[in-house]
Amino acid sequence: MLPETAQCLKAVAPLFSQTVLLKDLSRLSTHGGGSHLQARRHLSISHCLTAKARPVRTPRERVDIPGLEAVTYGEKMHYVPGLSKPALPQWERSYKDPRYYRSPPAHEMPLFKDKPCFVYNQRTSALEGVRQALWLTKTKLISSLPPQLLSLSESPANQIPDQDERVQNAIKHARFWDTMEERPGKERYSNTMMVNLLHLCATLQSNHPAIGRRILAEKCSLATTWKRGEDLFQIRGQNGLLHTCMEPLPEVSGKQEVSDTADHVLETFYPVSPTINLQKVNVYKEEMNCSGFRDEYPYPHAHTLYFLEGADAMCKLRPDQFRAKMLMFTFGTALVRAQKLYGPQRVLDHPVTVQAVGTNGRIFQFMVFQLNTTDLSGDDGIKNQVWLEEDVELYDFAKVRPFIKRKQVKVPAGLAGYKPETFSKFLSLYLHGAV
């Protein structure tokens, strides 16, 4: 037996069982080589291959006995067995080092308040979904898009040349041509498809010059505050891809329809609390009203918010919670603009309208929100309005390979089941305010 082989076996001996190791050593000494050891595969071992983490040692509780002084090794400046550890003061640097910063307790912070605030952010998963968002924003739900808005894409002058073919090419680019993967991730092709559809709609700028007075902003932060009953609420976070413009969107419903919302009764979900799943904080600013842009920004009016269902890999929301997120951030964007334009005015003379579009790459959610009032404390009076059309499919299947079952092609390869009416709704929201 070679000495190098014996040293290697001794080094890895703790990883194998004793019986297996003895058998292999006997084979090696008998046949005079390591060929039999290399040919045999050991699929089970007795000890784990990874090192175990040491258990966390809990510090001993220091007991102070009155009249007795502990004998420590503090004066000797080194550890001495048998002597207790001295209680040394916390060393503080004479300079600020952000790597070792320790925040003070919450009750010692200057922004600490006894009254809690409930925060909704981009990762909040509201238990009751849209119903909870409707109560928080004091909003009346209408389960379809406004007819005058849908009629914008029916005119041939407002349609794109070879519209259906170009939309299908945009879908194929996102699903098949943008990547070499067999099955691209949802967060990738949904983003590519949204950009392709927006680029396709922007080709109508020659017919509608108002489209050129818009701009897209990505990952802009939002912060706003309002009171609902006796509770204080805030929306904080990034509101997706924001389409802003120089002129505000026109009102969707007239004054008579706004006045009729006073008779609407908000749906409750007792005994579930409306603040469930919201972050409860005691350190906050009371008056937060920030749209993410400076006051002199040339595109101050929000047009449409675009949300991607798979944009955040660390947070996956169910469809109802995803629509609630769309509603909350659309409401927050409208509320920030209304407070900057009208200040403390309760019922707005000119309501603020903001749109939202959400998708996972195949199914679209369309929303139009109209902020009629900023008096959200009680359940009576004028309500806000939202038009929501949910789960609208753009196509049925997009397969790289055909789906075969029992030797029959169930779904062919390529794009199948394209629905042109879905893109017409997308185009109608895009043209709103430019036609």
# chains A, B, ... in the order shown; residues from 1 in each chain; ligands from 1
$ residues_around --residues "A:Tyr297" --least-positions-apart "6" --cutoff "12 Å" --atoms "only C-alpha atoms" --output "PyMOL selection string"
chain A and resi 215+217+244-246+291
$ write_last_selection --atoms "N, CA and C atoms" --output "short mmCIF file (atom, residue, chain, number, x, y, z; two decimals), in the first residue's frame"
data_model
loop_
_atom_site.label_atom_id
_atom_site.label_comp_id
_atom_site.auth_asym_id
_atom_site.auth_seq_id
_atom_site.Cartn_x
_atom_site.Cartn_y
_atom_site.Cartn_z
N ILE A 215 -44.11 61.42 -20.00
CA ILE A 215 -42.81 60.81 -19.71
C ILE A 215 -43.03 59.66 -18.74
N ALA A 217 -41.60 57.35 -15.62
CA ALA A 217 -40.72 57.39 -14.45
C ALA A 217 -40.77 56.02 -13.77
N THR A 244 -46.40 59.99 -16.40
CA THR A 244 -46.83 61.33 -16.00
C THR A 244 -46.95 62.22 -17.23
N CYS A 245 -47.75 63.29 -17.10
CA CYS A 245 -48.01 64.19 -18.22
C CYS A 245 -48.09 65.62 -17.72
N MET A 246 -48.14 66.55 -18.67
CA MET A 246 -48.20 67.97 -18.32
C MET A 246 -49.60 68.42 -17.95
N SER A 291 -44.76 63.03 -3.60
CA SER A 291 -45.03 62.28 -4.83
C SER A 291 -43.77 61.69 -5.44
#
$ select_by_dssp --residues "stretch 90-296 of chain A" --states "alpha helix (DSSP H)" --output "PyMOL selection string"
chain A and resi 130-137+147-150+163-172+186-201+255-260
$ atom_distance --atom1 "atom CA of A:Ile211" --atom2 "atom CA of A:Tyr430"
8.8 Å
$ closest_atom_pairs --of "stretch 199-233 of chain A" --to "stretch 306-316 of chain A" --cutoff "12 Å" --atoms "only C-alpha atoms" --output "tab-separated table"
residue	atom	partner	partner_atom	distance
A:Leu216	CA	A:Tyr306	CA	10.1
A:Ala217	CA	A:Tyr306	CA	10.4
A:Glu218	CA	A:Tyr306	CA	9.7
A:Lys219	CA	A:Phe307	CA	10.9
$ write_last_selection --atoms "N, CA, C and O atoms" --output "compact mmCIF listing (two decimals), in the first residue's frame"
# COMPACT_ATOMS: atom_id res chain seq x y z
N LEU A 216 -42.16 58.66 -18.83
CA LEU A 216 -42.22 57.50 -17.94
C LEU A 216 -41.19 57.65 -16.83
O LEU A 216 -40.04 58.03 -17.09
N ALA A 217 -41.60 57.35 -15.62
CA ALA A 217 -40.72 57.39 -14.45
C ALA A 217 -40.77 56.02 -13.77
O ALA A 217 -41.86 55.48 -13.57
N GLU A 218 -39.60 55.50 -13.45
CA GLU A 218 -39.52 54.16 -12.87
C GLU A 218 -39.00 54.23 -11.44
O GLU A 218 -38.10 55.00 -11.12
N LYS A 219 -39.61 53.43 -10.57
CA LYS A 219 -39.21 53.29 -9.16
C LYS A 219 -39.22 54.63 -8.43
O LYS A 219 -38.29 54.98 -7.70
$ closest_residue --among "A:Asp320, A:Asp295, A:Glu287, A:Asp231" --to "A:Ser125" --atoms "only C-alpha atoms"
A:Asp320
$ residues_around --residues "stretch 369-386 of chain A" --least-positions-apart "4" --cutoff "9 Å" --atoms "only C-alpha atoms" --output "ChimeraX atom specification"
/A:134-143,145,226-231,251-253,258-266,327,330-331,334-335,338-339,344-356
$ closest_residue --among "A:Pro274, A:Gly254, A:Pro184, A:Pro116" --to "A:Val400" --atoms "only C-alpha atoms"
A:Pro184
$ closest_atom_pairs --of "stretch 316-406 of chain A" --to "stretch 237-241 of chain A" --cutoff "10 Å" --atoms "only C-alpha atoms" --output "JSON lines"
{"residue": "A:Lys325", "atom": "CA", "partner": "A:Asn239", "partner_atom": "CA", "distance": 9.2}
{"residue": "A:Met326", "atom": "CA", "partner": "A:Asn239", "partner_atom": "CA", "distance": 8.6}
{"residue": "A:Met328", "atom": "CA", "partner": "A:Asn239", "partner_atom": "CA", "distance": 9.7}
{"residue": "A:Phe329", "atom": "CA", "partner": "A:Asn239", "partner_atom": "CA", "distance": 6.2}
{"residue": "A:Thr330", "atom": "CA", "partner": "A:Asn239", "partner_atom": "CA", "distance": 8.3}
{"residue": "A:Gly332", "atom": "CA", "partner": "A:Asn239", "partner_atom": "CA", "distance": 9.3}
{"residue": "A:Thr333", "atom": "CA", "partner": "A:Asn239", "partner_atom": "CA", "distance": 8.5}
{"residue": "A:Ala356", "atom": "CA", "partner": "A:Leu241", "partner_atom": "CA", "distance": 9.9}
{"residue": "A:Val357", "atom": "CA", "partner": "A:Leu241", "partner_atom": "CA", "distance": 9.9}
{"residue": "A:Gly358", "atom": "CA", "partner": "A:Gly240", "partner_atom": "CA", "distance": 9.8}
$ write_last_selection --atoms "N, CA, C and O atoms" --output "short mmCIF file (atom, residue, chain, number, x, y, z; two decimals), in the first residue's frame"
data_model
loop_
_atom_site.label_atom_id
_atom_site.label_comp_id
_atom_site.auth_asym_id
_atom_site.auth_seq_id
_atom_site.Cartn_x
_atom_site.Cartn_y
_atom_site.Cartn_z
N LYS A 325 -53.34 46.22 -4.08
CA LYS A 325 -52.13 47.04 -4.15
C LYS A 325 -52.27 48.11 -5.24
O LYS A 325 -51.88 49.27 -5.04
N MET A 326 -52.81 47.73 -6.39
CA MET A 326 -53.03 48.70 -7.46
C MET A 326 -53.94 49.82 -6.99
O MET A 326 -53.67 51.01 -7.22
N MET A 328 -54.61 50.85 -3.87
CA MET A 328 -54.05 51.68 -2.81
C MET A 328 -53.02 52.67 -3.37
O MET A 328 -53.03 53.86 -2.99
N PHE A 329 -52.15 52.23 -4.26
CA PHE A 329 -51.14 53.15 -4.78
C PHE A 329 -51.73 54.13 -5.79
O PHE A 329 -51.23 55.26 -5.92
N THR A 330 -52.76 53.75 -6.49
CA THR A 330 -53.44 54.71 -7.36
C THR A 330 -54.14 55.77 -6.53
O THR A 330 -54.08 56.96 -6.85
N GLY A 332 -53.22 56.65 -3.47
CA GLY A 332 -52.18 57.48 -2.86
C GLY A 332 -51.61 58.51 -3.81
O GLY A 332 -51.35 59.65 -3.42
N THR A 333 -51.42 58.12 -5.08
CA THR A 333 -50.91 59.07 -6.07
C THR A 333 -51.90 60.21 -6.30
O THR A 333 -51.51 61.38 -6.41
N ALA A 356 -54.60 52.81 -13.76
CA ALA A 356 -53.64 51.77 -13.39
C ALA A 356 -53.87 50.56 -14.29
O ALA A 356 -55.00 50.22 -14.62
N VAL A 357 -52.76 49.91 -14.63
CA VAL A 357 -52.78 48.68 -15.43
C VAL A 357 -51.82 47.70 -14.76
O VAL A 357 -50.67 48.04 -14.48
N GLY A 358 -52.31 46.50 -14.50
CA GLY A 358 -51.48 45.45 -13.92
C GLY A 358 -51.52 44.20 -14.77
O GLY A 358 -52.54 43.89 -15.38
#
$ atom_distance --atom1 "atom CA of A:Arg323" --atom2 "atom CA of A:Thr124"
11.7 Å
$ closest_atom_pairs --of "stretch 64-176 of chain A" --to "stretch 206-210 of chain A" --cutoff "12 Å" --atoms "only C-alpha atoms" --output "JSON lines"
{"residue": "A:Pro156", "atom": "CA", "partner": "A:Asn207", "partner_atom": "CA", "distance": 11.6}
{"residue": "A:Ala157", "atom": "CA", "partner": "A:Asn207", "partner_atom": "CA", "distance": 8.0}
{"residue": "A:Asn158", "atom": "CA", "partner": "A:Asn207", "partner_atom": "CA", "distance": 7.9}
{"residue": "A:Gln159", "atom": "CA", "partner": "A:Asn207", "partner_atom": "CA", "distance": 10.0}
{"residue": "A:Ile160", "atom": "CA", "partner": "A:Asn207", "partner_atom": "CA", "distance": 10.3}
$ atom_distance --atom1 "atom CA of A:Pro161" --atom2 "atom CA of A:Leu427"
13.2 Å
$ residues_around --residues "A:Gly82" --least-positions-apart "4" --cutoff "10 Å" --atoms "only C-alpha atoms" --output "number ranges by chain"
A: 71-73
$ write_last_selection --atoms "N, CA and C atoms" --output "compact mmCIF listing (two decimals), in the first residue's frame"
# COMPACT_ATOMS: atom_id res chain seq x y z
N VAL A 71 -14.01 39.66 42.83
CA VAL A 71 -12.58 39.71 42.53
C VAL A 71 -12.42 39.43 41.04
N THR A 72 -11.99 40.41 40.28
CA THR A 72 -11.88 40.30 38.84
C THR A 72 -10.41 40.38 38.42
N TYR A 73 -10.18 40.09 37.14
CA TYR A 73 -8.84 40.20 36.58
C TYR A 73 -8.68 41.49 35.78
